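Shown next: my_file20.txt, containing compact mmCIF, C-alpha atoms.
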```txt
# COMPACT_ATOMS: atom_id res chain seq x y z
CA MET A 1 32.57 26.75 55.64
CA ARG A 2 32.64 30.52 55.26
CA VAL A 3 30.06 32.14 57.50
CA ASP A 4 29.18 34.74 54.86
CA LEU A 5 27.66 31.94 52.75
CA PHE A 6 24.79 31.97 55.29
CA ASP A 7 24.14 35.70 55.03
CA PHE A 8 21.04 37.21 53.42
CA ASP A 9 19.15 40.49 53.56
CA LEU A 10 16.37 40.41 56.15
CA PRO A 11 14.13 43.48 56.48
CA ASP A 12 13.92 44.66 60.07
CA ASP A 13 10.13 44.56 60.01
CA ALA A 14 10.18 40.84 59.13
CA ILE A 15 11.09 39.98 62.74
CA ALA A 16 7.83 39.34 64.62
CA LEU A 17 7.39 41.22 67.90
CA ARG A 18 4.21 39.33 68.84
CA PRO A 19 3.02 35.83 67.93
CA ALA A 20 0.01 35.00 65.81
CA SER A 21 -3.25 34.76 67.74
CA PRO A 22 -4.37 32.09 68.26
CA ARG A 23 -0.96 30.49 68.25
CA ASP A 24 -1.87 27.81 65.69
CA ALA A 25 -2.88 30.49 63.13
CA SER A 26 0.71 30.85 61.93
CA ARG A 27 1.70 30.22 58.34
CA LEU A 28 3.68 27.11 57.36
CA LEU A 29 6.06 26.96 54.40
CA VAL A 30 6.55 23.38 53.18
CA VAL A 31 10.02 22.81 51.74
CA ARG A 32 10.72 19.62 49.79
CA PRO A 33 14.09 19.90 48.01
CA GLY A 34 13.63 19.58 44.25
CA GLU A 35 9.90 20.37 44.42
CA PRO A 36 7.92 23.66 44.38
CA LEU A 37 7.49 25.46 47.69
CA ALA A 38 4.02 25.20 49.22
CA ASP A 39 2.35 27.91 51.32
CA ARG A 40 0.22 26.27 53.98
CA GLY A 41 -0.81 26.86 57.59
CA VAL A 42 0.34 25.24 60.85
CA ARG A 43 -3.15 23.78 61.20
CA ASP A 44 -2.44 21.72 58.04
CA LEU A 45 0.45 19.88 59.69
CA ALA A 46 -1.33 16.59 60.41
CA SER A 47 -2.48 16.33 56.79
CA LEU A 48 1.13 16.69 55.62
CA LEU A 49 2.25 13.70 57.67
CA THR A 50 1.35 10.00 57.62
CA PRO A 51 -0.46 8.07 60.37
CA GLY A 52 2.20 6.38 62.44
CA ASP A 53 4.73 9.19 62.02
CA ALA A 54 5.98 10.69 65.30
CA LEU A 55 6.28 14.35 66.22
CA VAL A 56 9.04 14.84 68.81
CA PHE A 57 8.49 17.80 71.15
CA ASN A 58 10.95 19.45 73.52
CA ASP A 59 9.05 19.79 76.82
CA THR A 60 11.52 22.11 78.55
CA ARG A 61 10.02 25.05 80.45
CA VAL A 62 11.48 28.56 80.31
CA ILE A 63 12.59 30.03 83.63
CA PRO A 64 12.96 33.77 84.38
CA ALA A 65 16.70 33.63 83.81
CA ARG A 66 17.57 37.33 83.46
CA LEU A 67 18.79 38.68 86.79
CA SER A 68 19.62 42.31 87.64
CA GLY A 69 21.85 43.15 90.56
CA THR A 70 24.68 45.16 92.03
CA ARG A 71 28.36 44.22 92.32
CA HIS A 72 29.87 44.88 95.73
CA ARG A 73 33.58 45.10 96.64
CA PRO A 74 35.07 45.99 100.03
CA GLY A 75 35.49 49.75 100.24
CA GLY A 76 33.97 50.33 96.80
CA SER A 77 30.67 51.63 95.52
CA GLY A 78 28.11 49.32 93.98
CA GLN A 79 28.06 48.74 90.22
CA ARG A 80 24.83 47.72 88.47
CA CYS A 81 25.09 44.57 86.37
CA GLU A 82 22.96 41.93 84.72
CA ALA A 83 23.41 38.16 84.44
CA MET A 84 21.71 35.98 81.84
CA LEU A 85 21.80 32.41 83.17
CA HIS A 86 22.41 29.80 80.49
CA LEU A 87 23.78 26.54 81.95
CA ARG A 88 23.36 25.01 85.41
CA GLU A 89 26.50 23.19 86.51
CA ALA A 90 25.61 22.32 90.12
CA PRO A 91 22.77 22.89 92.61
CA ASP A 92 24.33 26.27 93.50
CA ARG A 93 26.22 27.15 90.28
CA TRP A 94 25.13 28.66 86.97
CA ARG A 95 27.11 29.81 83.97
CA ALA A 96 25.85 33.17 82.78
CA PHE A 97 26.51 35.96 80.31
CA ALA A 98 27.15 39.17 82.22
CA ARG A 99 26.78 42.85 81.34
CA PRO A 100 29.02 44.76 81.74
CA ALA A 101 31.36 41.76 81.99
CA LYS A 102 34.56 43.78 81.77
CA ARG A 103 33.89 45.26 85.22
CA LEU A 104 33.54 41.89 86.91
CA ALA A 105 36.38 39.75 88.28
CA PRO A 106 36.66 36.43 90.13
CA GLY A 107 35.84 36.94 93.79
CA ASP A 108 33.35 39.74 93.17
CA ARG A 109 30.09 39.53 95.09
CA ILE A 110 26.79 40.34 93.38
CA ARG A 111 23.45 40.91 95.09
CA PHE A 112 20.43 40.31 92.87
CA GLY A 113 17.20 41.98 93.95
CA GLY A 114 17.29 43.07 97.53
CA ASP A 115 13.84 44.23 98.55
CA GLY A 116 12.51 40.78 99.32
CA GLU A 117 9.45 41.20 97.10
CA GLY A 118 8.08 37.87 95.94
CA PHE A 119 10.04 35.77 98.42
CA SER A 120 8.54 33.25 100.79
CA GLU A 121 9.99 32.66 104.24
CA VAL A 122 12.21 29.97 102.72
CA CYS A 123 14.22 32.60 100.85
CA ALA A 124 16.69 35.13 102.14
CA LEU A 125 14.73 38.35 102.48
CA ALA A 126 17.76 40.55 101.82
CA GLY A 127 18.12 39.34 98.24
CA LEU A 128 20.01 36.68 96.34
CA ASP A 129 23.80 36.78 96.69
CA ALA A 130 26.39 35.16 94.46
CA THR A 131 30.15 35.06 93.99
CA VAL A 132 31.88 35.28 90.61
CA GLU A 133 34.02 32.13 90.57
CA GLU A 134 35.34 32.29 87.00
CA LYS A 135 35.45 34.69 84.10
CA GLY A 136 35.59 33.35 80.58
CA GLU A 137 35.40 34.67 77.04
CA GLY A 138 32.56 36.59 75.46
CA GLY A 139 31.20 37.92 78.74
CA GLU A 140 30.69 34.48 80.28
CA ILE A 141 31.05 34.04 84.05
CA LEU A 142 30.47 31.23 86.55
CA LEU A 143 28.29 32.23 89.51
CA ARG A 144 28.20 30.38 92.85
CA PHE A 145 25.01 31.35 94.67
CA ASP A 146 24.60 31.39 98.44
CA LEU A 147 21.38 29.40 97.97
CA SER A 148 21.20 25.96 96.44
CA GLY A 149 18.72 23.53 94.92
CA PRO A 150 14.99 24.30 95.31
CA ALA A 151 15.69 27.38 97.44
CA LEU A 152 17.78 28.84 94.61
CA ASP A 153 15.10 27.93 92.06
CA GLU A 154 12.50 29.79 94.14
CA ALA A 155 14.72 32.86 94.44
CA ILE A 156 15.39 32.97 90.69
CA ALA A 157 11.65 32.60 90.01
CA ALA A 158 10.94 35.51 92.37
CA LEU A 159 13.64 37.89 91.14
CA GLY A 160 14.28 36.93 87.52
CA ALA A 161 12.74 38.28 84.34
CA LEU A 162 11.67 36.38 81.23
CA PRO A 163 14.60 36.27 78.78
CA LEU A 164 13.02 37.37 75.50
CA PRO A 165 15.48 37.28 72.57
CA PRO A 166 17.41 40.54 72.13
CA TYR A 167 15.81 41.03 68.72
CA ILE A 168 12.46 41.46 70.51
CA ALA A 169 13.53 42.83 73.89
CA GLY A 170 15.48 45.62 72.16
CA LYS A 171 12.31 46.89 70.51
CA ARG A 172 9.72 46.63 73.27
CA PRO A 173 9.54 45.77 76.99
CA THR A 174 8.62 42.31 78.19
CA ASP A 175 5.08 42.20 79.56
CA ALA A 176 2.62 39.85 81.21
CA GLN A 177 1.40 38.48 77.88
CA ASP A 178 4.90 37.17 77.14
CA THR A 179 4.75 34.87 80.17
CA THR A 180 2.09 32.91 78.29
CA ASP A 181 3.16 33.53 74.71
CA TYR A 182 6.81 32.52 75.28
CA GLN A 183 5.96 29.11 76.77
CA THR A 184 4.74 26.02 74.96
CA VAL A 185 1.40 24.59 76.07
CA TYR A 186 3.14 21.29 76.91
CA ALA A 187 6.13 22.75 78.82
CA ARG A 188 6.77 20.78 82.02
CA GLU A 189 10.52 20.51 82.84
CA PRO A 190 11.91 23.84 84.17
CA GLY A 191 15.41 24.74 83.07
CA ALA A 192 15.44 26.54 79.70
CA VAL A 193 16.46 30.16 79.33
CA ALA A 194 15.02 30.36 75.81
CA ALA A 195 11.86 28.79 74.41
CA PRO A 196 11.89 25.91 71.91
CA THR A 197 10.09 28.29 69.58
CA ALA A 198 8.79 25.86 66.95
CA GLY A 199 6.60 24.46 69.71
CA LEU A 200 4.96 27.83 70.35
CA HIS A 201 2.66 27.22 67.36
CA PHE A 202 0.97 24.21 68.95
CA SER A 203 -2.36 24.73 70.71
CA ASP A 204 -4.36 22.15 72.63
CA ALA A 205 -6.77 22.00 69.67
CA LEU A 206 -3.95 21.38 67.21
CA LEU A 207 -2.49 18.64 69.43
CA ALA A 208 -5.92 16.99 69.62
CA GLY A 209 -6.12 17.05 65.83
CA ILE A 210 -2.68 15.47 65.58
CA ASP A 211 -3.78 12.69 67.92
CA ALA A 212 -6.95 12.13 65.91
CA ALA A 213 -4.88 11.82 62.71
CA GLY A 214 -2.88 8.95 64.20
CA ILE A 215 0.34 10.95 64.57
CA GLU A 216 2.32 9.84 67.61
CA ARG A 217 3.52 12.46 70.11
CA ILE A 218 6.82 11.90 71.91
CA HIS A 219 8.52 14.22 74.43
CA VAL A 220 12.22 14.76 75.07
CA THR A 221 13.94 17.48 77.11
CA LEU A 222 16.70 19.86 76.05
CA HIS A 223 17.16 22.88 78.30
CA VAL A 224 17.77 25.59 75.73
CA GLY A 225 20.61 27.94 76.65
CA ALA A 226 21.23 31.61 75.93
CA GLY A 227 23.95 30.53 73.52
CA THR A 228 21.18 30.15 70.96
CA PHE A 229 21.11 33.98 70.81
CA MET A 230 24.87 34.36 70.41
CA PRO A 231 25.97 35.72 67.03
CA VAL A 232 28.56 33.88 64.97
CA LYS A 233 31.51 36.27 64.99
CA ALA A 234 34.01 33.92 63.35
CA GLU A 235 34.65 34.06 59.61
CA ASP A 236 34.61 30.26 59.31
CA THR A 237 32.24 27.81 60.97
CA GLU A 238 35.14 25.75 62.31
CA ALA A 239 36.14 28.65 64.57
CA HIS A 240 32.72 29.02 66.22
CA ARG A 241 32.19 27.49 69.68
CA MET A 242 28.72 26.21 70.54
CA HIS A 243 27.67 26.50 74.18
CA ALA A 244 26.59 23.24 75.79
CA GLU A 245 23.00 22.49 76.75
CA ILE A 246 21.64 19.76 79.02
CA GLY A 247 19.43 17.10 77.44
CA ILE A 248 17.51 14.05 78.65
CA LEU A 249 16.13 11.23 76.52
CA GLU A 250 14.81 8.31 78.58
CA ALA A 251 15.31 4.64 77.66
CA ALA A 252 11.57 4.14 77.16
CA THR A 253 11.49 7.15 74.83
CA ALA A 254 14.40 5.78 72.81
CA ALA A 255 12.53 2.49 72.41
CA ARG A 256 9.43 4.30 71.13
CA LEU A 257 11.49 6.30 68.64
CA ASN A 258 13.26 3.21 67.32
CA ALA A 259 9.89 1.50 66.92
CA VAL A 260 8.70 4.37 64.70
CA ARG A 261 11.56 3.80 62.29
CA ALA A 262 11.21 0.01 62.50
CA ARG A 263 7.62 0.15 61.22
CA GLY A 264 8.62 2.38 58.31
CA ASN A 265 7.39 5.72 59.66
CA ARG A 266 9.17 9.04 60.09
CA ILE A 267 10.59 10.89 63.07
CA VAL A 268 9.66 14.57 62.78
CA ALA A 269 11.50 16.94 65.12
CA VAL A 270 9.54 19.94 66.37
CA GLY A 271 12.30 22.50 66.51
CA THR A 272 16.05 22.53 66.12
CA THR A 273 16.47 21.83 69.86
CA ALA A 274 14.62 18.51 69.59
CA LEU A 275 16.64 17.70 66.47
CA ARG A 276 19.96 18.45 68.16
CA LEU A 277 19.12 16.16 71.07
CA LEU A 278 17.94 13.34 68.79
CA GLU A 279 21.09 13.57 66.71
CA SER A 280 23.23 13.64 69.86
CA ALA A 281 21.55 10.42 71.03
CA ALA A 282 21.77 8.57 67.70
CA ALA A 283 24.34 5.98 66.74
CA PRO A 284 25.90 6.00 63.24
CA ASP A 285 23.31 3.44 62.08
CA GLY A 286 20.44 5.70 63.22
CA THR A 287 19.58 3.74 66.36
CA ILE A 288 18.58 6.14 69.13
CA HIS A 289 20.01 5.46 72.59
CA PRO A 290 19.14 6.95 75.98
CA PHE A 291 20.91 10.25 76.60
CA SER A 292 21.53 12.34 79.70
CA GLY A 293 24.04 15.14 79.89
CA ALA A 294 25.51 18.01 77.91
CA THR A 295 25.58 18.38 74.15
CA ASP A 296 27.32 21.06 72.12
CA ILE A 297 26.61 19.52 68.71
CA PHE A 298 27.07 22.06 65.90
CA ILE A 299 25.40 21.04 62.64
CA THR A 300 26.53 22.59 59.36
CA PRO A 301 26.30 21.45 55.71
CA GLY A 302 28.06 18.14 55.21
CA TYR A 303 26.60 16.63 58.39
CA ARG A 304 24.91 13.25 57.85
CA PHE A 305 21.61 13.15 59.71
CA ARG A 306 20.95 9.92 61.56
CA ALA A 307 17.71 10.24 63.52
CA VAL A 308 15.44 12.88 61.97
CA ASP A 309 13.35 12.53 58.80
CA ALA A 310 11.59 15.94 58.80
CA LEU A 311 11.78 19.16 60.79
CA VAL A 312 9.25 21.76 61.93
CA THR A 313 11.08 25.00 62.63
CA ASN A 314 10.73 28.77 62.58
CA PHE A 315 12.54 31.16 60.24
CA HIS A 316 15.98 32.05 61.51
CA LEU A 317 18.32 35.00 61.32
CA PRO A 318 21.16 35.51 58.81
CA ARG A 319 24.54 34.02 59.73
CA SER A 320 23.00 32.15 62.69
CA THR A 321 23.84 28.60 63.73
CA LEU A 322 20.17 27.77 63.23
CA PHE A 323 20.18 28.85 59.58
CA MET A 324 23.33 26.75 59.18
CA LEU A 325 21.47 23.76 60.65
CA VAL A 326 18.46 24.03 58.33
CA SER A 327 20.83 24.51 55.39
CA ALA A 328 22.55 21.27 56.38
CA PHE A 329 19.17 19.54 56.51
CA SER A 330 17.54 20.70 53.28
CA GLY A 331 20.50 22.15 51.35
CA LEU A 332 21.95 25.67 51.34
CA ASP A 333 20.63 26.59 47.89
CA THR A 334 17.17 25.24 48.75
CA MET A 335 17.02 27.20 51.99
CA ARG A 336 18.27 30.43 50.42
CA ALA A 337 15.48 30.13 47.84
CA ALA A 338 12.92 29.26 50.53
CA TYR A 339 13.91 32.25 52.67
CA ALA A 340 13.82 34.59 49.66
CA HIS A 341 10.27 33.37 49.02
CA ALA A 342 9.37 33.78 52.69
CA ILE A 343 10.62 37.38 52.79
CA THR A 344 8.85 38.30 49.56
CA SER A 345 5.64 36.62 50.73
CA GLY A 346 5.57 38.35 54.12
CA TYR A 347 6.38 35.42 56.39
CA ARG A 348 7.26 36.49 59.93
CA PHE A 349 10.71 35.56 61.27
CA TYR A 350 12.27 34.28 64.45
CA SER A 351 10.85 33.34 67.86
CA TYR A 352 7.34 34.76 67.45
CA GLY A 353 7.25 34.25 63.69
CA ASP A 354 5.83 31.71 61.27
CA ALA A 355 6.95 28.12 60.73
CA SER A 356 8.30 25.83 58.05
CA LEU A 357 8.13 22.08 57.48
CA LEU A 358 11.43 20.91 56.04
CA PHE A 359 12.26 17.64 54.36
CA PRO A 360 15.85 16.47 53.84
CA GLU A 361 17.98 17.02 50.81
CA ARG A 362 18.17 13.83 48.77
CA ALA A 363 21.52 12.07 48.83
CA GLU A 364 23.35 12.02 45.52
```

Show me the file's structure as structure tokens.
Amino acid sequence: MRVDLFDFDLPDDAIALRPASPRDASRLLVVRPGEPLADRGVRDLASLLTPGDALVFNDTRVIPARLSGTRHRPGGSGQRCEAMLHLREAPDRWRAFARPAKRLAPGDRIRFGGDGEGFSEVCALAGLDATVEEKGEGGEILLRFDLSGPALDEAIAALGALPLPPYIAGKRPTDAQDTTDYQTVYAREPGAVAAPTAGLHFSDALLAGIDAAGIERIHVTLHVGAGTFMPVKAEDTEAHRMHAEIGILEAATAARLNAVRARGNRIVAVGTTALRLLESAAAPDGTIHPFSGATDIFITPGYRFRAVDALVTNFHLPRSTLFMLVSAFSGLDTMRAAYAHAITSGYRFYSYGDASLLFPERAE
């Protein structure tokens, strides 16, 4: 499909720079194709579902994946650079988006940090060194670090910065409050370089209310990559390449999910990341199987959903793969109307913004 079909005018001040406080005070737009839109609140979520339905949460935990360093070449002066980690390929290797990428080449050495601040004795006090092993398209590089496994994890935690989306980071500096705000209350599996932002609305009190309403809670893991921030530069969706992300859905979890459907209840994905993993793990008949590995599933209108019956998600940017996904789920015309209403009504967009509860477009 033409990418310009997913364009719309979004006022700059509609992008939230801070989340609602408390986090479950966000607004919730309920979208049922063919029915009037309903303005509700995130705290109303349990009342909009049925006892026995299951909310599926992505329990990935954001790591401080933005690293600043200096490129070193024999006989040359150092060049400052930045690497945004987005996919771990081995205990000592990460794919990253680099800036300025054009000045990097395979074989270059980069030292991140260097003053030793924050390191324990386990880490190399001189900094964290890496070699550029490959250079790809769009500023992507493959880094092989001198450290590996837990030692590398500790070094990244000590030297890295929280990777707020560019739409926020370009307007204000990251601060200590973001380390709490940009993490879900149920995050437990380190590895994401972007938050599963629909989950940011859930507080412990809201989760307790969901439990009391008889709504099942199920966790899966998809380590969100920086590719979620990448703009769609192609003119047609077929020409856009999605970056892979690592997901895990255990056998016991698959059994629980299949039992939800078997008893006539609904699977409700909390966020597009949970949805993408569920759809990656689903067979054509809707049966969900265990999953472990990479997925680069790209969902656009015409996709037949197998595993997900409803979706909780934030409001996304024009021409983004996420707006394409929600348009595939509830219909392009429906979502264009819903977003026009959201903009007019003052809903807040993107990672720190408000939420929507989407139901699928009815099959003809």

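The nearest approach to Ala54 of chain A among the residues A:Pro11, A:Gly214, A:Pro284, A:Pro318, with all atoms listed in the file taken into account, belongs to A:Gly214.
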
Return as JSON the centre and edge lengths, in Å with one decimal, of the box along x, y and z that encloses every atom of segment 279-292 of chain A in the file, padded by 8 Å per side.
```
{"center_x": 22.2, "center_y": 8.5, "center_z": 70.9, "size_x": 23.3, "size_y": 26.2, "size_z": 33.6}
```

> Counting only C-alpha atoms, what is within 9 Å of Ala198 of chain A, bar same-chain residues fewer than 4 positions away, as a ChimeraX atom specification?
Replying inline: /A:184,202,270-272,312-314,351,354-356

Keeping only C-alpha atoms, take the residues you just selected and write them out as a compact mmCIF listing (two decimals), in the coordinates of the input.
```
# COMPACT_ATOMS: atom_id res chain seq x y z
CA THR A 184 4.74 26.02 74.96
CA PHE A 202 0.97 24.21 68.95
CA VAL A 270 9.54 19.94 66.37
CA GLY A 271 12.30 22.50 66.51
CA THR A 272 16.05 22.53 66.12
CA VAL A 312 9.25 21.76 61.93
CA THR A 313 11.08 25.00 62.63
CA ASN A 314 10.73 28.77 62.58
CA SER A 351 10.85 33.34 67.86
CA ASP A 354 5.83 31.71 61.27
CA ALA A 355 6.95 28.12 60.73
CA SER A 356 8.30 25.83 58.05
```

> Do you have the atom CA of His219 of chain A-atom CA of Asp92 of chain A distance handy?
Replying inline: 27.5 Å

Hey, what's within 10 Å of Leu249 of chain A if we count all atoms listed in the file and toss same-chain stuff fewer than 2 positions away? As a PDB file with C-alpha atoms, in the frame of the given file, please?
```
ATOM      1  CA  HIS A 219       8.520  14.220  74.430  1.00  0.00           C
ATOM      2  CA  VAL A 220      12.220  14.760  75.070  1.00  0.00           C
ATOM      3  CA  THR A 221      13.940  17.480  77.110  1.00  0.00           C
ATOM      4  CA  LEU A 222      16.700  19.860  76.050  1.00  0.00           C
ATOM      5  CA  GLY A 247      19.430  17.100  77.440  1.00  0.00           C
ATOM      6  CA  ALA A 251      15.310   4.640  77.660  1.00  0.00           C
ATOM      7  CA  ALA A 252      11.570   4.140  77.160  1.00  0.00           C
ATOM      8  CA  THR A 253      11.490   7.150  74.830  1.00  0.00           C
ATOM      9  CA  ALA A 254      14.400   5.780  72.810  1.00  0.00           C
ATOM     10  CA  LEU A 277      19.120  16.160  71.070  1.00  0.00           C
ATOM     11  CA  LEU A 278      17.940  13.340  68.790  1.00  0.00           C
ATOM     12  CA  ALA A 281      21.550  10.420  71.030  1.00  0.00           C
ATOM     13  CA  ILE A 288      18.580   6.140  69.130  1.00  0.00           C
ATOM     14  CA  HIS A 289      20.010   5.460  72.590  1.00  0.00           C
ATOM     15  CA  PRO A 290      19.140   6.950  75.980  1.00  0.00           C
ATOM     16  CA  PHE A 291      20.910  10.250  76.600  1.00  0.00           C
ATOM     17  CA  SER A 292      21.530  12.340  79.700  1.00  0.00           C
ATOM     18  CA  GLY A 293      24.040  15.140  79.890  1.00  0.00           C
TER      19      GLY A 293
END
```

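With all atoms listed in the file as the atoms that count, the residue of A:Ala259, A:Leu206, A:Ile168, A:Ile248 with the shortest distance to Ala294 of chain A is A:Ile248.
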
> Which of these, A:Arg241, A:Asp178, A:Arg66, A:Leu29, has the shortest distance to Ala157 of chain A once you count all atoms listed in the file?
Replying inline: A:Arg66

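Between atom CA of Pro231 of chain A and atom CA of Asp4 of chain A lies a distance of 12.6 Å.
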
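You will find atom CA of Gly264 of chain A at 28.3 Å from atom CA of Thr197 of chain A.
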
>> For a quick check of understanding, using only C-alpha atoms, which of A:Ile267, A:Ala328, A:Ile15, A:Met242 has the smallest distance to Tyr167 of chain A?
In response: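 For Tyr167 of chain A, the nearest of the candidates is A:Ile15.
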
>> Which residue is closest to His223 of chain A? Choose from A:Pro106, A:Glu189, A:Arg172, A:Leu332 and count all atoms listed in the file.
In response: A:Glu189

Please list as a PDB file with C-alpha atoms, in the coordinates of the input every residue within 12 Å of Pro166 of chain A, counting all atoms listed in the file and excluding residues in the same chain fewer than 3 positions away.
```pdb
ATOM      1  CA  ILE A  15      11.090  39.980  62.740  1.00  0.00           C
ATOM      2  CA  LEU A  17       7.390  41.220  67.900  1.00  0.00           C
ATOM      3  CA  ARG A  66      17.570  37.330  83.460  1.00  0.00           C
ATOM      4  CA  MET A  84      21.710  35.980  81.840  1.00  0.00           C
ATOM      5  CA  LEU A 162      11.670  36.380  81.230  1.00  0.00           C
ATOM      6  CA  PRO A 163      14.600  36.270  78.780  1.00  0.00           C
ATOM      7  CA  ALA A 169      13.530  42.830  73.890  1.00  0.00           C
ATOM      8  CA  GLY A 170      15.480  45.620  72.160  1.00  0.00           C
ATOM      9  CA  LYS A 171      12.310  46.890  70.510  1.00  0.00           C
ATOM     10  CA  ARG A 172       9.720  46.630  73.270  1.00  0.00           C
ATOM     11  CA  PRO A 173       9.540  45.770  76.990  1.00  0.00           C
ATOM     12  CA  THR A 174       8.620  42.310  78.190  1.00  0.00           C
ATOM     13  CA  ALA A 194      15.020  30.360  75.810  1.00  0.00           C
ATOM     14  CA  ALA A 226      21.230  31.610  75.930  1.00  0.00           C
ATOM     15  CA  THR A 228      21.180  30.150  70.960  1.00  0.00           C
ATOM     16  CA  PHE A 229      21.110  33.980  70.810  1.00  0.00           C
ATOM     17  CA  MET A 230      24.870  34.360  70.410  1.00  0.00           C
ATOM     18  CA  PRO A 231      25.970  35.720  67.030  1.00  0.00           C
ATOM     19  CA  TYR A 350      12.270  34.280  64.450  1.00  0.00           C
ATOM     20  CA  SER A 351      10.850  33.340  67.860  1.00  0.00           C
TER      21      SER A 351
END
```
